[in-house]
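For reference, the structure is listed below as structure tokens.
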Amino acid sequence: MITREQIQELAQFEDPKSCALTFYFQPTTPRNKAHKEEAILVKDLARDVLRRLESKGGEAEKAKYESARADVERIVRLSQELRGNGARARGVFACSAQNFWREFDLPAQLSGTQLSVNRHFHLKPLAQLLGAVPRLGIVLVDRHRARLFDLRLGELTEREGFFHPLLRRGRSDGFAGYDGGHAERRVADEARQHFKVVAEFIKDGLEKGVFEKWIVGCQETHWPQFVPLLHPYISQRLLGRFNAEVTHAGREEIRSQAERIFADWQKKRCEDTVREALSQARSGGRGVTGLRRVLRSLEAGEIQTLLIGDDFVGQAVECSGCGHLDAHLVHICPVCGRDTRKVVDVGEAILPRVIRQNLELFYVKGDPEFDRVGNIAALLRFRSPKTEKAWPMMVVRPHAPGELMGKYRGAARG
Ligand SMILES: [Zn+2]
């Protein structure tokens, strides 16, 4: 799985000859001919990319074409090996001119298989996967057992499981017939003790940043006993609950339940953030809309959550010297005075900064109001008064650890 450092490396990579190749492979649902179809698709994509490179023509382009061609051919060979096992997607980032090749397993949630060659790697599919993914803990609990899992990029890992030791002794005493009332009380007390320990354990994990959000798997009958013991701090970070039996719950069941709860939460969070950003922007508060203002806030380090229309298209220029992005198509950088160049896709060009600044990122789909205000917006952590008046301003405030919900951090330790 991909780490935060690896994503950073991809975000920073640049090939001046525009030979940075990006390949995303999304397996089709298992069908008889799936693998064959996948292989044909990749070959078609490869042919298109090579044709586009060739059409640029010119002697100077020749060497560049050779380098990209070597990578494309390697991708085609690789795709033959990606025997549609159906489970995993793959991302490949390559540039043989710079001796660069990185391959990662990804959850099979990409929008499709694609291949492209450009100055930078194509990061939007990665950003879509990771942009708003907190480190997620899943806790299964009953009256005397608990298990803790991590869910990262579709991969479920069990971290810890424990029985409450007192309780095991309590249960094995077996004097219920002789002193039923006492034993029952004792079991209830011990269950309560156990729930308390588990609640403390979760609080500790959240405070230490082991996970940022959590989901609980618990039987209906146990939930009313557990929930009063949860500190408000951990209740706020609970995304949802599913019904599960601690010892018998299978991995696939746990994973799919947790992913469903997470997807619902994420959808709602995206909607809420859009509403808040727009309303804050209207009232001149902690929100901005439109490419120009968003770029300005991005460079000023003000953004908490970035919202980009899934079909966002915008024009901008990028300074060849300092990297400043400007929605005005100026030839000279207003920050450092060097030449600018046009960026093909500004939605893509801002991703390296988004990744560097560890911002929460949502792609917004089918929201007419959001579209009307420019199809791009941001919720700010603060609004620096200077950016309203004076431009340029290049202050990027460093983030204190734990200050932000670390979206890309989610992938970091996976
Ligand atoms: Zn500049």
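Chain identifiers are assigned as A, B, and so on, following the order in which chains appear in the structure tokens; residues are numbered from 1 within each chain, and ligands are numbered from 1 in order of appearance.
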(message) Distance limit 7 Å, reference ligand 1, atoms considered: only C-alpha atoms and all ligand atoms. Which residues make the cut? Give them as a VMD selection string.
(response) chain A and resid 319 to 324 333 to 338
Those selected residues, please, written with N, CA and C atoms and delivered as a PDB file, in the first residue's frame.
ATOM      1  N   CYS A 319       4.202  29.538 -12.538  1.00  0.00           N
ATOM      2  CA  CYS A 319       5.518  30.160 -12.679  1.00  0.00           C
ATOM      3  C   CYS A 319       6.585  29.079 -12.791  1.00  0.00           C
ATOM      4  N   SER A 320       7.484  29.250 -13.755  1.00  0.00           N
ATOM      5  CA  SER A 320       8.546  28.256 -13.933  1.00  0.00           C
ATOM      6  C   SER A 320       9.604  28.384 -12.841  1.00  0.00           C
ATOM      7  N   GLY A 321       9.572  29.526 -12.145  1.00  0.00           N
ATOM      8  CA  GLY A 321      10.558  29.739 -11.087  1.00  0.00           C
ATOM      9  C   GLY A 321      10.046  29.325  -9.728  1.00  0.00           C
ATOM     10  N   CYS A 322       9.064  30.063  -9.231  1.00  0.00           N
ATOM     11  CA  CYS A 322       8.634  29.826  -7.850  1.00  0.00           C
ATOM     12  C   CYS A 322       7.432  28.893  -7.741  1.00  0.00           C
ATOM     13  N   GLY A 323       6.837  28.542  -8.882  1.00  0.00           N
ATOM     14  CA  GLY A 323       5.715  27.609  -8.849  1.00  0.00           C
ATOM     15  C   GLY A 323       4.373  28.253  -8.551  1.00  0.00           C
ATOM     16  N   HIS A 324       4.348  29.580  -8.435  1.00  0.00           N
ATOM     17  CA  HIS A 324       3.093  30.283  -8.176  1.00  0.00           C
ATOM     18  C   HIS A 324       2.065  29.965  -9.262  1.00  0.00           C
ATOM     19  N   CYS A 333       5.415  36.171 -13.903  1.00  0.00           N
ATOM     20  CA  CYS A 333       4.943  35.838 -12.555  1.00  0.00           C
ATOM     21  C   CYS A 333       4.891  37.100 -11.688  1.00  0.00           C
ATOM     22  N   PRO A 334       3.735  37.401 -11.098  1.00  0.00           N
ATOM     23  CA  PRO A 334       3.643  38.598 -10.257  1.00  0.00           C
ATOM     24  C   PRO A 334       4.404  38.465  -8.939  1.00  0.00           C
ATOM     25  N   VAL A 335       4.809  37.246  -8.614  1.00  0.00           N
ATOM     26  CA  VAL A 335       5.539  37.059  -7.359  1.00  0.00           C
ATOM     27  C   VAL A 335       7.044  37.253  -7.554  1.00  0.00           C
ATOM     28  N   CYS A 336       7.606  36.579  -8.571  1.00  0.00           N
ATOM     29  CA  CYS A 336       9.064  36.610  -8.704  1.00  0.00           C
ATOM     30  C   CYS A 336       9.534  37.166 -10.039  1.00  0.00           C
ATOM     31  N   GLY A 337       8.617  37.447 -10.946  1.00  0.00           N
ATOM     32  CA  GLY A 337       9.006  38.109 -12.191  1.00  0.00           C
ATOM     33  C   GLY A 337       9.526  37.193 -13.284  1.00  0.00           C
ATOM     34  N   ARG A 338       9.514  35.875 -13.018  1.00  0.00           N
ATOM     35  CA  ARG A 338       9.975  34.978 -14.073  1.00  0.00           C
ATOM     36  C   ARG A 338       8.832  34.591 -15.028  1.00  0.00           C
TER      37      ARG A 338
END
(message) I'd like the contact shell of region 132-143 of chain A - 6 Å cut-off, only C-alpha atoms, skipping same-chain residues fewer than 6 positions apart - returned as a ChimeraX atom specification.
(response) /A:149-151,191,211-218,246,360-361,407,410
Once you have the residues from the selection above, write them out as a compact mmCIF listing (two decimals), in the first residue's frame, restricted to N, CA, C and O atoms.
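Written file, part-v4.txt:
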# COMPACT_ATOMS: atom_id res chain seq x y z
N PHE A 149 -9.40 -3.27 14.88
CA PHE A 149 -8.89 -3.37 13.51
C PHE A 149 -8.57 -1.99 12.97
O PHE A 149 -9.14 -1.00 13.39
N ASP A 150 -7.68 -1.97 11.98
CA ASP A 150 -7.40 -0.79 11.16
C ASP A 150 -8.03 -1.00 9.81
O ASP A 150 -7.95 -2.10 9.28
N LEU A 151 -8.57 0.05 9.25
CA LEU A 151 -9.03 -0.06 7.86
C LEU A 151 -8.33 1.03 7.06
O LEU A 151 -8.54 2.22 7.29
N ALA A 191 -18.63 -6.81 33.51
CA ALA A 191 -18.90 -6.36 32.14
C ALA A 191 -18.72 -4.85 32.06
O ALA A 191 -18.11 -4.33 31.12
N PHE A 211 -5.74 6.22 15.57
CA PHE A 211 -6.78 6.42 14.57
C PHE A 211 -7.50 7.74 14.85
O PHE A 211 -7.41 8.29 15.94
N GLU A 212 -8.17 8.24 13.82
CA GLU A 212 -8.82 9.56 13.93
C GLU A 212 -10.33 9.45 14.05
O GLU A 212 -10.98 10.33 14.59
N LYS A 213 -10.87 8.39 13.48
CA LYS A 213 -12.30 8.12 13.56
C LYS A 213 -12.44 6.63 13.86
O LYS A 213 -11.54 5.85 13.58
N TRP A 214 -13.61 6.26 14.36
CA TRP A 214 -13.77 4.83 14.63
C TRP A 214 -15.20 4.40 14.37
O TRP A 214 -16.13 5.21 14.32
N ILE A 215 -15.33 3.10 14.21
CA ILE A 215 -16.62 2.47 13.94
C ILE A 215 -16.74 1.32 14.92
O ILE A 215 -15.74 0.65 15.21
N VAL A 216 -17.93 1.09 15.45
CA VAL A 216 -18.07 0.02 16.43
C VAL A 216 -18.95 -1.11 15.87
O VAL A 216 -19.95 -0.87 15.19
N GLY A 217 -18.51 -2.33 16.13
CA GLY A 217 -19.31 -3.50 15.81
C GLY A 217 -19.73 -4.13 17.13
O GLY A 217 -18.88 -4.51 17.94
N CYS A 218 -21.03 -4.22 17.37
CA CYS A 218 -21.50 -4.59 18.71
C CYS A 218 -22.93 -5.09 18.58
O CYS A 218 -23.67 -4.63 17.73
N VAL A 246 -18.53 -10.71 18.24
CA VAL A 246 -17.09 -10.47 18.30
C VAL A 246 -16.25 -11.62 17.76
O VAL A 246 -15.36 -11.42 16.93
N GLU A 360 -7.65 18.28 3.67
CA GLU A 360 -8.81 17.43 3.38
C GLU A 360 -9.34 17.83 2.01
O GLU A 360 -9.43 19.01 1.70
N LEU A 361 -9.69 16.85 1.21
CA LEU A 361 -10.12 17.15 -0.16
C LEU A 361 -11.34 16.32 -0.54
O LEU A 361 -11.36 15.11 -0.35
N LYS A 407 -5.55 13.91 6.25
CA LYS A 407 -6.21 13.06 5.27
C LYS A 407 -5.22 12.12 4.63
O LYS A 407 -5.42 10.93 4.56
N GLY A 410 -3.64 9.28 6.51
CA GLY A 410 -4.36 8.01 6.58
C GLY A 410 -3.64 6.92 5.83
O GLY A 410 -3.56 5.78 6.27
(message) I'd like the contact shell of Arg102 (chain A) - 9 Å cut-off, only C-alpha atoms, skipping same-chain residues fewer than 6 positions apart - returned as a PyMOL selection string.
(response) chain A and resi 6+10+91-94
(request) Could you jot down the CA of Tyr24 (chain A) to CA of Leu115 (chain A) separation for me, Å, one decimal place? (result)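 It comes out at 6.5 Å.
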(request) Give the answer as one residue: which of A:Ser79, A:Gln304, A:Gln98, A:Ser67 has the shortest atom-to-atom distance to Phe25 (chain A), using only C-alpha atoms? (result)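 For Phe25 (chain A), the nearest of the candidates is A:Ser79.
Distance annotation: of A:Phe121, A:Phe201, A:Phe23, A:Phe195, the residue with the minimal separation from Pro228 (chain A) is A:Phe195; atom set is only C-alpha atoms.
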(request) Would you mind writing down, as an MDAnalysis selection string, each residue of region 69-224 of chain A that DSSP on the backbone assigns to strand (DSSP E)? (result) chainID A and resid 88:95 100:107 114:118 136:141 145:152 155:163 213:218
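Pairwise distance (CA of Phe362 (chain A), CA of Gly112 (chain A)) equals 18.6 Å.
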(request) Grab the CA of Leu351 (chain A) to CA of Gly284 (chain A) distance for me, in Å with one decimal place. (result)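 Result for CA of Leu351 (chain A) versus CA of Gly284 (chain A): 25.5 Å, one decimal.
Checking A:Gly161, A:Gly309, A:Gly250, A:Gly209 one by one against Arg147 (chain A), counting only C-alpha atoms, you find the shortest gap at A:Gly161.
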(message) Restricting the calculation to only C-alpha atoms: of A:Ala258, A:Ile308, A:Leu45, A:Ile40, which residue gets closest to Gly154 (chain A)?
(response)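 Of A:Ala258, A:Ile308, A:Leu45, A:Ile40, the one nearest Gly154 (chain A), counting only C-alpha atoms, is A:Ala258.
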